[in-house]
file final.csv (CSV, C-alpha atoms and all ligand atoms)
chain,number,residue,atom,x,y,z
A,1,MET,CA,0.0,0.0,0.0
A,2,LYS,CA,0.9,3.7,-0.1
A,3,ALA,CA,1.5,5.7,3.1
A,4,LEU,CA,3.0,8.9,4.3
A,5,VAL,CA,6.3,8.0,6.0
A,6,PHE,CA,8.2,10.3,8.4
A,7,GLN,CA,11.9,10.3,7.4
A,8,GLY,CA,13.3,12.4,10.2
A,9,PRO,CA,12.9,16.2,10.9
A,10,GLY,CA,11.8,18.1,7.9
A,11,LYS,CA,11.3,15.0,5.7
A,12,THR,CA,8.3,12.9,4.7
A,13,SER,CA,7.5,10.8,1.7
A,14,TRP,CA,4.4,9.3,0.2
A,15,GLN,CA,5.7,5.8,-0.6
A,16,GLU,CA,5.1,2.1,-0.9
A,17,VAL,CA,5.1,0.2,2.4
A,18,PRO,CA,4.0,-3.3,3.4
A,19,ASP,CA,0.3,-3.8,4.0
A,20,PRO,CA,-0.5,-4.0,7.7
A,21,GLY,CA,-2.0,-7.2,9.1
A,22,ILE,CA,-3.4,-8.5,12.4
A,23,LYS,CA,-0.5,-8.8,14.9
A,24,ASP,CA,-2.5,-9.2,18.1
A,25,ALA,CA,-5.9,-10.9,18.7
A,26,SER,CA,-7.4,-7.5,19.8
A,27,ASP,CA,-6.4,-5.7,16.5
A,28,ALA,CA,-8.5,-4.5,13.6
A,29,VAL,CA,-7.3,-3.5,10.2
A,30,VAL,CA,-9.2,-0.6,8.7
A,31,ARG,CA,-9.3,0.6,5.1
A,32,VAL,CA,-8.9,4.3,5.3
A,33,ASP,CA,-11.6,6.3,3.5
A,34,SER,CA,-11.2,9.7,5.1
A,35,VAL,CA,-8.1,11.0,6.8
A,36,THR,CA,-6.9,14.4,7.9
A,37,ILE,CA,-3.7,16.2,9.1
A,38,CYS,CA,-3.3,17.6,12.6
A,39,GLY,CA,-1.2,20.5,13.9
A,40,THR,CA,0.6,17.8,15.9
A,41,ASP,CA,1.8,16.2,12.6
A,42,LEU,CA,3.4,19.5,11.8
A,43,HIS,CA,5.1,19.5,15.2
A,44,ILE,CA,6.4,15.9,14.5
A,45,ILE,CA,7.9,17.0,11.2
A,46,LYS,CA,9.4,20.1,12.9
A,47,GLY,CA,11.1,17.7,15.3
A,48,ASP,CA,9.1,18.7,18.4
A,49,VAL,CA,8.1,15.0,19.1
A,50,PRO,CA,11.4,13.2,19.1
A,51,GLU,CA,10.0,9.8,20.1
A,52,VAL,CA,8.5,9.4,16.5
A,53,ALA,CA,11.1,7.2,14.8
A,54,PRO,CA,12.0,7.7,11.2
A,55,GLY,CA,10.1,5.1,9.1
A,56,THR,CA,6.8,5.6,11.0
A,57,VAL,CA,3.6,6.2,9.0
A,58,LEU,CA,2.1,9.4,10.3
A,59,GLY,CA,-1.6,10.2,11.0
A,60,HIS,CA,-3.9,9.6,14.0
A,61,GLU,CA,-7.4,10.6,12.6
A,62,ALA,CA,-9.4,8.5,10.2
A,63,VAL,CA,-12.7,7.1,9.1
A,64,GLY,CA,-12.8,3.8,7.2
A,65,GLU,CA,-14.1,0.3,6.9
A,66,VAL,CA,-13.0,-2.6,9.0
A,67,VAL,CA,-11.5,-5.2,6.7
A,68,GLU,CA,-10.1,-7.7,9.2
A,69,VAL,CA,-10.3,-8.3,13.0
A,70,GLY,CA,-8.4,-10.4,15.4
A,71,SER,CA,-10.0,-13.3,17.3
A,72,GLU,CA,-10.7,-11.3,20.5
A,73,VAL,CA,-12.5,-8.3,18.8
A,74,ARG,CA,-16.1,-8.2,19.8
A,75,THR,CA,-17.6,-4.8,19.0
A,76,VAL,CA,-16.8,-4.5,15.3
A,77,ARG,CA,-16.6,-6.8,12.3
A,78,PRO,CA,-15.4,-6.6,8.7
A,79,GLY,CA,-17.7,-4.3,6.7
A,80,ASP,CA,-18.4,-1.9,9.6
A,81,ARG,CA,-17.7,1.8,9.0
A,82,VAL,CA,-15.8,3.2,11.9
A,83,LEU,CA,-14.1,6.2,13.4
A,84,VAL,CA,-10.5,5.5,14.2
A,85,SER,CA,-9.8,7.5,17.4
A,86,CYS,CA,-6.4,9.2,17.9
A,87,ILE,CA,-6.2,7.4,21.2
A,88,SER,CA,-6.2,3.6,21.6
A,89,ALA,CA,-7.2,2.0,24.9
A,90,CYS,CA,-6.5,-1.4,26.4
A,91,GLY,CA,-9.4,-1.0,28.7
A,92,ARG,CA,-7.8,-2.9,31.5
A,93,CYS,CA,-4.9,-0.9,33.0
A,94,ARG,CA,-5.4,1.5,35.9
A,95,PHE,CA,-5.7,4.6,33.6
A,96,CYS,CA,-8.1,3.0,31.1
A,97,ARG,CA,-10.3,2.0,34.0
A,98,GLU,CA,-10.5,5.6,35.1
A,99,ASN,CA,-11.3,6.8,31.5
A,100,HIS,CA,-7.7,8.1,31.2
A,101,TYR,CA,-7.2,6.3,27.9
A,102,GLY,CA,-4.5,8.8,26.8
A,103,GLN,CA,-2.3,7.5,29.7
A,104,CYS,CA,-2.9,3.8,28.9
A,105,ARG,CA,0.1,1.8,30.2
A,106,GLU,CA,-0.5,-1.4,28.2
A,107,GLY,CA,0.3,-0.3,24.7
A,108,GLY,CA,-2.6,2.1,24.1
A,109,GLY,CA,-2.7,5.9,24.5
A,110,TRP,CA,-1.5,8.1,21.6
A,111,VAL,CA,0.3,5.4,19.6
A,112,LEU,CA,-1.0,5.8,16.0
A,113,GLY,CA,1.3,7.9,13.9
A,114,HIS,CA,3.5,8.3,17.0
A,115,LEU,CA,4.8,5.0,18.3
A,116,ILE,CA,3.3,2.7,15.7
A,117,ASP,CA,2.2,3.2,12.1
A,118,GLY,CA,-0.7,5.6,11.7
A,119,THR,CA,-3.7,6.5,9.5
A,120,GLN,CA,-2.2,8.5,6.6
A,121,ALA,CA,-2.2,5.4,4.5
A,122,GLU,CA,-4.5,3.1,2.6
A,123,PHE,CA,-4.8,0.8,5.5
A,124,VAL,CA,-4.1,1.0,9.2
A,125,ARG,CA,-3.8,-1.6,12.0
A,126,VAL,CA,-5.6,-0.4,15.1
A,127,PRO,CA,-4.7,-2.0,18.4
A,128,PHE,CA,-7.4,-2.8,21.0
A,129,ALA,CA,-10.1,-2.3,18.5
A,130,ASP,CA,-13.0,-2.8,20.9
A,131,LEU,CA,-12.3,0.6,22.6
A,132,SER,CA,-10.3,2.3,19.9
A,133,VAL,CA,-12.7,2.5,17.0
A,134,HIS,CA,-16.3,3.6,17.1
A,135,PRO,CA,-19.0,2.3,14.7
A,136,LEU,CA,-20.6,5.2,12.9
A,137,PRO,CA,-24.3,5.7,12.4
A,138,GLY,CA,-25.3,6.1,8.7
A,139,SER,CA,-26.5,9.7,9.4
A,140,VAL,CA,-22.9,11.0,10.0
A,141,GLU,CA,-20.8,11.7,6.9
A,142,SER,CA,-17.2,10.5,7.0
A,143,ASP,CA,-15.8,13.9,6.4
A,144,ASP,CA,-17.7,15.2,9.5
A,145,ALA,CA,-16.9,12.1,11.6
A,146,VAL,CA,-13.2,12.5,11.0
A,147,LEU,CA,-13.4,15.7,13.1
A,148,LEU,CA,-14.3,13.4,16.1
A,149,ALA,CA,-11.0,11.5,15.9
A,150,ASP,CA,-9.1,14.2,17.6
A,151,ILE,CA,-10.1,17.9,17.3
A,152,PHE,CA,-13.5,17.8,19.0
A,153,PRO,CA,-12.6,15.5,21.9
A,154,THR,CA,-9.3,17.4,22.4
A,155,ALA,CA,-11.1,20.8,22.4
A,156,TYR,CA,-13.8,19.6,24.6
A,157,GLU,CA,-11.8,17.6,27.2
A,158,VAL,CA,-8.5,19.4,27.3
A,159,GLY,CA,-9.8,22.9,26.6
A,160,VAL,CA,-13.4,23.3,27.7
A,161,LEU,CA,-13.7,20.7,30.5
A,162,ASN,CA,-10.2,21.2,31.9
A,163,GLY,CA,-10.8,25.0,31.8
A,164,ARG,CA,-14.2,24.5,33.5
A,165,VAL,CA,-15.9,26.8,31.1
A,166,SER,CA,-19.2,27.9,32.8
A,167,PRO,CA,-22.2,30.1,32.0
A,168,GLY,CA,-21.3,33.7,31.8
A,169,ASP,CA,-17.5,33.2,31.6
A,170,THR,CA,-15.2,35.2,29.5
A,171,VAL,CA,-13.2,32.6,27.5
A,172,VAL,CA,-10.1,33.5,25.5
A,173,VAL,CA,-8.9,30.9,23.0
A,174,VAL,CA,-5.3,31.6,21.9
A,175,GLY,CA,-4.7,29.9,18.5
A,176,ALA,CA,-7.6,29.6,16.0
A,177,GLY,CA,-6.4,26.6,14.1
A,178,PRO,CA,-8.8,23.6,14.0
A,179,ILE,CA,-8.3,22.8,17.7
A,180,GLY,CA,-8.9,26.4,18.7
A,181,LEU,CA,-12.0,26.7,16.5
A,182,ALA,CA,-13.4,23.4,17.9
A,183,THR,CA,-12.7,24.9,21.3
A,184,VAL,CA,-14.7,28.0,20.4
A,185,ALA,CA,-17.6,25.8,19.2
A,186,ALA,CA,-17.5,23.5,22.2
A,187,ALA,CA,-17.2,26.4,24.7
A,188,ARG,CA,-20.4,27.8,23.3
A,189,LEU,CA,-22.3,24.7,24.5
A,190,TYR,CA,-21.8,26.2,28.0
A,191,THR,CA,-23.2,29.6,27.2
A,192,PRO,CA,-20.2,31.7,28.2
A,193,GLY,CA,-20.6,35.4,28.4
A,194,LYS,CA,-18.1,36.0,25.6
A,195,ILE,CA,-15.5,34.2,23.6
A,196,ILE,CA,-12.4,36.0,22.3
A,197,ALA,CA,-10.2,34.3,19.8
A,198,VAL,CA,-6.5,35.3,19.2
A,199,ASP,CA,-4.4,34.2,16.2
A,200,LEU,CA,-1.8,35.6,13.8
A,201,ALA,CA,-3.7,34.8,10.7
A,202,GLU,CA,-6.7,36.9,9.7
A,203,SER,CA,-8.3,33.9,7.8
A,204,ARG,CA,-8.3,32.0,11.0
A,205,LEU,CA,-9.9,34.9,13.0
A,206,ALA,CA,-12.6,35.0,10.3
A,207,ALA,CA,-13.2,31.3,10.8
A,208,ALA,CA,-13.4,31.9,14.6
A,209,ARG,CA,-16.1,34.4,14.1
A,210,SER,CA,-18.0,32.0,11.8
A,211,VAL,CA,-18.0,29.3,14.6
A,212,GLY,CA,-19.1,31.7,17.2
A,213,ALA,CA,-16.3,33.9,18.6
A,214,ASP,CA,-17.7,37.2,19.8
A,215,ALA,CA,-14.5,39.1,19.3
A,216,THR,CA,-11.2,38.4,17.6
A,217,VAL,CA,-7.8,40.0,17.8
A,218,GLY,CA,-4.4,39.5,16.0
A,219,ALA,CA,-1.7,38.0,18.2
A,220,GLY,CA,0.4,41.0,17.4
A,221,GLU,CA,-2.3,43.6,18.2
A,222,GLU,CA,-2.1,43.6,22.0
A,223,PRO,CA,-4.7,40.9,22.8
A,224,GLU,CA,-3.9,41.4,26.5
A,225,GLU,CA,-5.2,44.9,26.3
A,226,LEU,CA,-8.4,43.9,24.6
A,227,VAL,CA,-9.1,41.2,27.1
A,228,SER,CA,-8.4,43.6,29.9
A,229,ASP,CA,-10.8,46.2,28.4
A,230,LEU,CA,-13.5,43.6,27.9
A,231,THR,CA,-13.2,42.4,31.5
A,232,ASP,CA,-13.0,45.7,33.4
A,233,GLY,CA,-9.3,45.1,33.9
A,234,LEU,CA,-9.7,41.7,35.6
A,235,GLY,CA,-8.7,39.3,32.9
A,236,ALA,CA,-10.5,36.2,31.5
A,237,ASP,CA,-12.1,33.5,33.5
A,238,VAL,CA,-10.7,30.8,31.2
A,239,VAL,CA,-7.8,31.0,28.7
A,240,VAL,CA,-7.1,28.1,26.4
A,241,GLU,CA,-3.7,27.7,24.8
A,242,ALA,CA,-4.2,26.0,21.4
A,243,VAL,CA,-0.9,26.8,19.7
A,244,GLY,CA,2.0,25.0,21.3
A,245,VAL,CA,4.7,27.8,21.4
A,246,PRO,CA,6.2,29.4,24.5
A,247,GLU,CA,5.0,33.0,23.6
A,248,ALA,CA,1.4,31.8,23.3
A,249,PHE,CA,1.4,30.0,26.7
A,250,GLU,CA,3.0,33.0,28.4
A,251,THR,CA,0.4,35.3,26.9
A,252,CYS,CA,-2.3,33.0,28.3
A,253,THR,CA,-0.9,33.3,31.8
A,254,ARG,CA,-0.9,37.1,31.5
A,255,MET,CA,-4.6,37.2,30.4
A,256,VAL,CA,-6.2,35.1,33.1
A,257,ARG,CA,-8.0,36.8,36.0
A,258,PRO,CA,-7.2,36.0,39.6
A,259,GLY,CA,-8.8,32.7,40.4
A,260,GLY,CA,-9.1,31.9,36.7
A,261,ARG,CA,-8.1,28.8,34.7
A,262,VAL,CA,-5.5,28.4,32.0
A,263,ALA,CA,-6.0,25.2,30.0
A,264,ASN,CA,-3.0,24.2,27.9
A,265,VAL,CA,-3.9,22.1,24.8
A,266,GLY,CA,-0.9,22.9,22.6
A,267,VAL,CA,1.9,20.4,22.0
A,268,HIS,CA,5.1,22.1,23.2
A,269,GLY,CA,8.6,21.2,21.9
A,270,LYS,CA,10.4,23.9,23.8
A,271,PRO,CA,10.3,25.1,27.4
A,272,ALA,CA,7.9,27.9,28.2
A,273,SER,CA,8.6,30.2,31.2
A,274,LEU,CA,6.2,29.9,34.1
A,275,HIS,CA,6.2,33.4,35.8
A,276,LEU,CA,5.5,32.2,39.3
A,277,GLU,CA,6.7,35.5,40.6
A,278,ASP,CA,3.5,37.0,39.1
A,279,LEU,CA,1.2,34.0,39.3
A,280,TRP,CA,1.7,32.7,42.9
A,281,ILE,CA,-0.6,35.3,44.3
A,282,LYS,CA,-3.3,35.0,41.7
A,283,ASP,CA,-4.9,31.7,42.7
A,284,VAL,CA,-4.6,30.6,39.1
A,285,THR,CA,-5.2,27.0,38.0
A,286,ILE,CA,-3.1,25.7,35.1
A,287,THR,CA,-4.0,22.4,33.5
A,288,THR,CA,-2.2,20.3,30.9
A,289,GLY,CA,-3.4,17.3,29.1
A,290,LEU,CA,-3.3,14.8,26.3
A,291,VAL,CA,-6.8,14.0,25.1
A,292,ASP,CA,-8.3,10.8,26.4
A,293,THR,CA,-11.3,10.6,23.9
A,294,TYR,CA,-13.7,9.3,26.6
A,295,SER,CA,-16.1,11.9,25.3
A,296,THR,CA,-16.2,10.6,21.7
A,297,PRO,CA,-19.5,8.7,22.0
A,298,LEU,CA,-21.2,11.9,23.5
A,299,LEU,CA,-19.7,14.1,20.8
A,300,LEU,CA,-20.8,11.6,18.1
A,301,ARG,CA,-24.4,11.9,19.4
A,302,MET,CA,-24.1,15.7,19.3
A,303,MET,CA,-22.7,15.7,15.8
A,304,ALA,CA,-25.5,13.4,14.6
A,305,ALA,CA,-28.0,15.9,16.2
A,306,GLY,CA,-26.4,18.8,14.3
A,307,ARG,CA,-25.0,20.4,17.4
A,308,LEU,CA,-21.4,20.7,16.3
A,309,PRO,CA,-20.1,22.7,13.3
A,310,SER,CA,-18.4,20.6,10.7
A,311,ALA,CA,-18.7,22.1,7.2
A,312,GLU,CA,-17.1,25.4,8.5
A,313,LEU,CA,-14.0,23.4,9.6
A,314,VAL,CA,-13.2,21.5,6.5
A,315,THR,CA,-11.8,23.8,3.8
A,316,HIS,CA,-10.0,21.4,1.4
A,317,HIS,CA,-10.5,18.0,-0.1
A,318,PHE,CA,-7.8,15.9,-1.7
A,319,LYS,CA,-7.4,12.4,-3.0
A,320,LEU,CA,-5.5,10.1,-0.7
A,321,GLU,CA,-2.5,10.1,-3.1
A,322,GLN,CA,-2.3,13.9,-3.0
A,323,MET,CA,-1.0,13.6,0.6
A,324,GLU,CA,2.1,15.8,0.0
A,325,GLU,CA,0.1,18.5,-1.7
A,326,ALA,CA,-2.4,18.4,1.2
A,327,TYR,CA,0.5,18.8,3.7
A,328,ASP,CA,1.8,21.7,1.7
A,329,VAL,CA,-1.6,23.5,1.8
A,330,PHE,CA,-2.2,22.7,5.5
A,331,SER,CA,1.2,23.9,6.6
A,332,ARG,CA,0.8,27.2,4.8
A,333,ALA,CA,-2.6,27.9,6.4
A,334,ALA,CA,-2.0,31.7,6.6
A,335,ASP,CA,-1.7,31.8,2.8
A,336,THR,CA,-4.1,29.1,1.8
A,337,GLY,CA,-6.9,29.6,4.3
A,338,ALA,CA,-6.7,25.9,5.2
A,339,LEU,CA,-8.4,24.6,8.3
A,340,LYS,CA,-9.0,20.9,8.2
A,341,VAL,CA,-7.9,19.2,5.0
A,342,VAL,CA,-9.6,15.9,4.4
A,343,LEU,CA,-8.2,13.3,2.1
A,344,GLY,CA,-10.0,10.3,0.5
A,345,GLY,CA,-13.7,10.4,0.3
A,346,PRO,CA,-16.7,8.5,1.6
A,347,ARG,CA,-16.6,5.1,0.0
A,348,HIS,CA,-19.5,3.5,1.8
A,349,ASP,CA,-22.6,2.7,-0.2
A,350,VAL,CA,-25.0,5.5,-0.2
A,351,VAL,CA,-28.5,4.1,0.5
A,352,THR,CA,-31.1,6.0,-1.6
A,353,LEU,CA,-34.7,5.2,-0.6
A,354,PRO,CA,-37.3,5.1,-3.4
A,355,ALA,CA,-39.3,8.3,-3.7
A,401,LIG,N1,-3.3,18.1,23.9
A,401,LIG,C1,-3.7,17.3,23.0
A,401,LIG,O1,-4.2,16.2,23.2
A,401,LIG,C2,-3.6,17.8,21.6
A,401,LIG,C3,-4.4,17.1,20.6
A,401,LIG,C4,-4.3,17.6,19.3
A,401,LIG,C5,-3.6,18.7,19.0
A,401,LIG,N2,-2.9,19.3,20.0
A,401,LIG,C6,-2.1,20.5,19.7
A,401,LIG,O2,-3.0,21.6,19.7
A,401,LIG,C7,-2.4,22.7,19.0
A,401,LIG,C8,-3.3,23.3,17.9
A,401,LIG,O3,-3.6,22.3,16.9
A,401,LIG,P1,-4.1,22.8,15.5
A,401,LIG,O4,-4.3,21.5,14.7
A,401,LIG,O5,-5.2,23.7,15.6
A,401,LIG,O6,-2.8,23.5,15.0
A,401,LIG,P2,-2.5,24.6,13.9
A,401,LIG,O7,-1.1,24.7,13.7
A,401,LIG,O8,-3.4,24.4,12.7
A,401,LIG,O9,-3.0,26.0,14.6
A,401,LIG,C9,-2.3,26.8,15.5
A,401,LIG,C10,-2.7,28.2,15.3
A,401,LIG,O10,-2.0,29.0,16.2
A,401,LIG,C11,-1.7,30.3,15.5
A,401,LIG,N3,-0.6,30.9,16.2
A,401,LIG,C12,0.8,30.7,16.0
A,401,LIG,N4,1.5,31.4,16.9
A,401,LIG,C13,0.6,32.1,17.6
A,401,LIG,C14,0.7,33.0,18.7
A,401,LIG,N5,1.9,33.4,19.2
A,401,LIG,N6,-0.5,33.6,19.2
A,401,LIG,C15,-1.7,33.2,18.7
A,401,LIG,N7,-1.8,32.3,17.7
A,401,LIG,C16,-0.7,31.8,17.2
A,401,LIG,C17,-1.4,29.9,14.1
A,401,LIG,O11,-1.6,30.9,13.2
A,401,LIG,C18,-2.5,28.7,13.9
A,401,LIG,O12,-3.7,29.3,13.4
A,401,LIG,C19,-1.1,22.1,18.4
A,401,LIG,O13,0.0,22.4,19.2
A,401,LIG,C20,-1.4,20.7,18.4
A,401,LIG,O14,-0.2,19.9,18.4
A,401,LIG,C21,-2.9,18.9,21.2
A,402,ZN,ZN,-3.9,15.4,16.5
A,403,ZN,ZN,-4.9,0.9,29.2
call {"tool": "encode", "arguments": {"input": "final.csv", "output": "structure tokens", "more": "lines below"}}
Ligand SMILES: NC(=O)c1ccc[n+]([C@@H]2O[C@H](COP(=O)([O-])OP(=O)(O)OC[C@H]3O[C@@H](n4cnc5c(N)ncnc54)[C@H](O)[C@@H]3O)[C@@H](O)[C@H]2O)c1
Ligand SMILES: [Zn+2]
Ligand SMILES: [Zn+2]
result
Amino acid sequence: MKALVFQGPGKTSWQEVPDPGIKDASDAVVRVDSVTICGTDLHIIKGDVPEVAPGTVLGHEAVGEVVEVGSEVRTVRPGDRVLVSCISACGRCRFCRENHYGQCREGGGWVLGHLIDGTQAEFVRVPFADLSVHPLPGSVESDDAVLLADIFPTAYEVGVLNGRVSPGDTVVVVGAGPIGLATVAAARLYTPGKIIAVDLAESRLAAARSVGADATVGAGEEPEELVSDLTDGLGADVVVEAVGVPEAFETCTRMVRPGGRVANVGVHGKPASLHLEDLWIKDVTITTGLVDTYSTPLLLRMMAAGRLPSAELVTHHFKLEQMEEAYDVFSRAADTGALKVVLGGPRHDVVTLPA
């Protein structure tokens, strides 16, 4: 099959690799029908995630059809259309039993496109299939469902729930990439007072307004001053870092009010300064987190009910073999206006009922 292989910092190639097969009795092999690229993949290529070994197939978000299952798999069978979650879960270790799938100690957690071959390929082997793939109802399109593999659970769990967004809150989301935009959309479910989005790219600020941000500001246009003005000088109740660079995290800690929450979502490859000399007196809570994806079934029901934006978040479609072009467009988002780029296309049979 063909797959996108990481070749070390700055290098990837779309190339022929061996087809994956069942290795463990709990595995499933999924034919990839829709797959997307994450900001985290860009961090990997930059060299920010050094545990990704050269030769690894990238990608941790997909929708596809199960083609083969191991003897222990009970919840899916060949022919099922499934969401491949970015997190795999053994279901048995201490962390999995507490819904902390991201921290699985028995070979799960974030492994796809990180420690084992991922989804940016024609086929992918998914370990612990029972808990790591989700059968999809016919009413949810593959291009929408693929947003539930990572961006919505991440935004919801690591941004909104960790940040304890509550009715009436002023919420600032720093970084309006797909994760920041999904955070804006998920925060709205809690009827905050206002949501302010911060980014460097005007196209992304426009997207933030379209998914429900009340105010937007360029990262270079004194966002701290705007937040201060909009909160009578207090600062925001919740600030979500959805970038993954030290400056963005440090801005977040300057924008939060006393007693407020900073929820870090960004993947950081460099140390950020924690200004405890300013923060110690402010009763501030700072959370970090890798997504667990325990909320995926809930988010899937919300998407089926039309409660989550999806069309606004997918800007580009490519064929699977246009992977390198898709990466180019996604990595130049400020010029191309790209948000989520989806590759492949729905291959399941469309059932048309007689009129
Ligand atoms: N914690 C998790 O489990 C988890 C899961 C998925 C993704 N992530 C991380 O979340 C982050 C966002 O992901 P994404 O896919 O939206 O990435 P992305 O690269 O598409 O978006 C990042 C956005 O930040 C903006 N930006 C850059 N520097 C900025 C600054 N100084 N101030 C404000 N905005 C700035 C960029 O213009 C861009 O729009 C990444 O770091 C990604 O690795 C974390
Ligand atoms: Zn991701
Ligand atoms: Zn586990």
call {"tool": "closest_residue", "arguments": {"input": "final.csv", "among": "A:Ala62, A:Ser85, A:Gly102, A:Trp14", "to": "ligand ZN 403 (chain A)", "atoms": "only C-alpha atoms and all ligand atoms"}}
result
A:Gly102
call {"tool": "atom_distance", "arguments": {"input": "final.csv", "atom1": "atom N5 of ligand LIG 401 (chain A)", "atom2": "atom CA of A:Lys270"}}
result
13.6 Å
call {"tool": "closest_residue", "arguments": {"input": "final.csv", "among": "A:Pro178, A:Gly260, A:Gly269, A:Pro20", "to": "A:Leu147", "atoms": "all atoms listed in the file"}}
result
A:Pro178
call {"tool": "atom_distance", "arguments": {"input": "final.csv", "atom1": "atom O12 of ligand LIG 401 (chain A)", "atom2": "atom CA of A:His316"}}
result
15.7 Å
call {"tool": "closest_atom_pairs", "arguments": {"input": "final.csv", "of": "chain A", "to": "ligand ZN 403 (chain A)", "cutoff": "10 Å", "atoms": "only C-alpha atoms and all ligand atoms", "output": "CSV"}}
result
residue,atom,partner,partner_atom,distance
A:Ser88,CA,A:ZN403,ZN,8.2
A:Ala89,CA,A:ZN403,ZN,5.0
A:Cys90,CA,A:ZN403,ZN,4.0
A:Gly91,CA,A:ZN403,ZN,4.9
A:Arg92,CA,A:ZN403,ZN,5.3
A:Cys93,CA,A:ZN403,ZN,4.2
A:Arg94,CA,A:ZN403,ZN,6.7
A:Phe95,CA,A:ZN403,ZN,5.8
A:Cys96,CA,A:ZN403,ZN,4.3
A:Arg97,CA,A:ZN403,ZN,7.3
A:Glu98,CA,A:ZN403,ZN,9.4
A:Asn99,CA,A:ZN403,ZN,9.0
A:His100,CA,A:ZN403,ZN,8.0
A:Tyr101,CA,A:ZN403,ZN,6.0
A:Gly102,CA,A:ZN403,ZN,8.3
A:Gln103,CA,A:ZN403,ZN,7.1
A:Cys104,CA,A:ZN403,ZN,3.5
A:Arg105,CA,A:ZN403,ZN,5.2
A:Glu106,CA,A:ZN403,ZN,5.1
A:Gly107,CA,A:ZN403,ZN,7.0
A:Gly108,CA,A:ZN403,ZN,5.7
A:Gly109,CA,A:ZN403,ZN,7.2
A:Phe128,CA,A:ZN403,ZN,9.3
A:Leu131,CA,A:ZN403,ZN,9.9
call {"tool": "write_last_selection", "arguments": {"input": "final.csv", "atoms": "C-alpha atoms", "output": "mmCIF file, keeping the file's coordinate frame"}}
result
data_model
loop_
_atom_site.group_PDB
_atom_site.id
_atom_site.type_symbol
_atom_site.label_atom_id
_atom_site.label_comp_id
_atom_site.auth_asym_id
_atom_site.auth_seq_id
_atom_site.Cartn_x
_atom_site.Cartn_y
_atom_site.Cartn_z
ATOM 1 C CA SER A 88 -6.200 3.600 21.600
ATOM 2 C CA ALA A 89 -7.200 2.000 24.900
ATOM 3 C CA CYS A 90 -6.500 -1.400 26.400
ATOM 4 C CA GLY A 91 -9.400 -1.000 28.700
ATOM 5 C CA ARG A 92 -7.800 -2.900 31.500
ATOM 6 C CA CYS A 93 -4.900 -0.900 33.000
ATOM 7 C CA ARG A 94 -5.400 1.500 35.900
ATOM 8 C CA PHE A 95 -5.700 4.600 33.600
ATOM 9 C CA CYS A 96 -8.100 3.000 31.100
ATOM 10 C CA ARG A 97 -10.300 2.000 34.000
ATOM 11 C CA GLU A 98 -10.500 5.600 35.100
ATOM 12 C CA ASN A 99 -11.300 6.800 31.500
ATOM 13 C CA HIS A 100 -7.700 8.100 31.200
ATOM 14 C CA TYR A 101 -7.200 6.300 27.900
ATOM 15 C CA GLY A 102 -4.500 8.800 26.800
ATOM 16 C CA GLN A 103 -2.300 7.500 29.700
ATOM 17 C CA CYS A 104 -2.900 3.800 28.900
ATOM 18 C CA ARG A 105 0.100 1.800 30.200
ATOM 19 C CA GLU A 106 -0.500 -1.400 28.200
ATOM 20 C CA GLY A 107 0.300 -0.300 24.700
ATOM 21 C CA GLY A 108 -2.600 2.100 24.100
ATOM 22 C CA GLY A 109 -2.700 5.900 24.500
ATOM 23 C CA PHE A 128 -7.400 -2.800 21.000
ATOM 24 C CA LEU A 131 -12.300 0.600 22.600
#
call {"tool": "residues_near_ligand", "arguments": {"input": "final.csv", "ligand": "ligand LIG 401 (chain A)", "cutoff": "7 Å", "atoms": "only C-alpha atoms and all ligand atoms", "output": "VMD selection string"}}
result
chain A and resid 38 to 40 43 150 to 151 154 158 174 to 180 198 to 201 204 219 242 to 245 247 to 248 265 to 268 289 to 291 334 339
call {"tool": "residues_around", "arguments": {"input": "final.csv", "residues": "stretch 294-307 of chain A", "least_positions_apart": "6", "cutoff": "8 Å", "atoms": "only C-alpha atoms", "output": "VMD selection string"}}
result
chain A and resid 99 to 101 134 139 to 140 145 148 to 149 152 to 153 157
call {"tool": "closest_residue", "arguments": {"input": "final.csv", "among": "A:Val67, A:Val29, A:Ala207, A:Ala155", "to": "ligand ZN 402 (chain A)", "atoms": "all atoms listed in the file"}}
result
A:Ala155
call {"tool": "atom_distance", "arguments": {"input": "final.csv", "atom1": "atom CA of A:Val227", "atom2": "atom CA of A:Leu313"}}
result
25.4 Å
call {"tool": "decode", "arguments": {"input": "final.csv", "residues": "stretch 265-270 of chain A", "atoms": "N, CA and C atoms", "output": "CSV table (one decimal), in the first residue's frame"}}
result
chain,number,residue,atom,x,y,z
A,265,VAL,N,-3.6,23.2,25.7
A,265,VAL,CA,-3.9,22.1,24.8
A,265,VAL,C,-2.7,21.9,23.9
A,266,GLY,N,-1.9,23.0,23.6
A,266,GLY,CA,-0.9,22.9,22.6
A,266,GLY,C,0.2,21.9,22.9
A,267,VAL,N,0.8,21.3,21.9
A,267,VAL,CA,1.9,20.4,22.0
A,267,VAL,C,3.2,21.3,22.0
A,268,HIS,N,3.9,21.3,23.1
A,268,HIS,CA,5.1,22.1,23.2
A,268,HIS,C,6.4,21.3,22.9
A,269,GLY,N,7.3,21.9,22.1
A,269,GLY,CA,8.6,21.2,21.9
A,269,GLY,C,9.7,22.0,22.6
A,270,LYS,N,9.4,23.1,23.2
A,270,LYS,CA,10.4,23.9,23.8
A,270,LYS,C,9.9,24.3,25.2
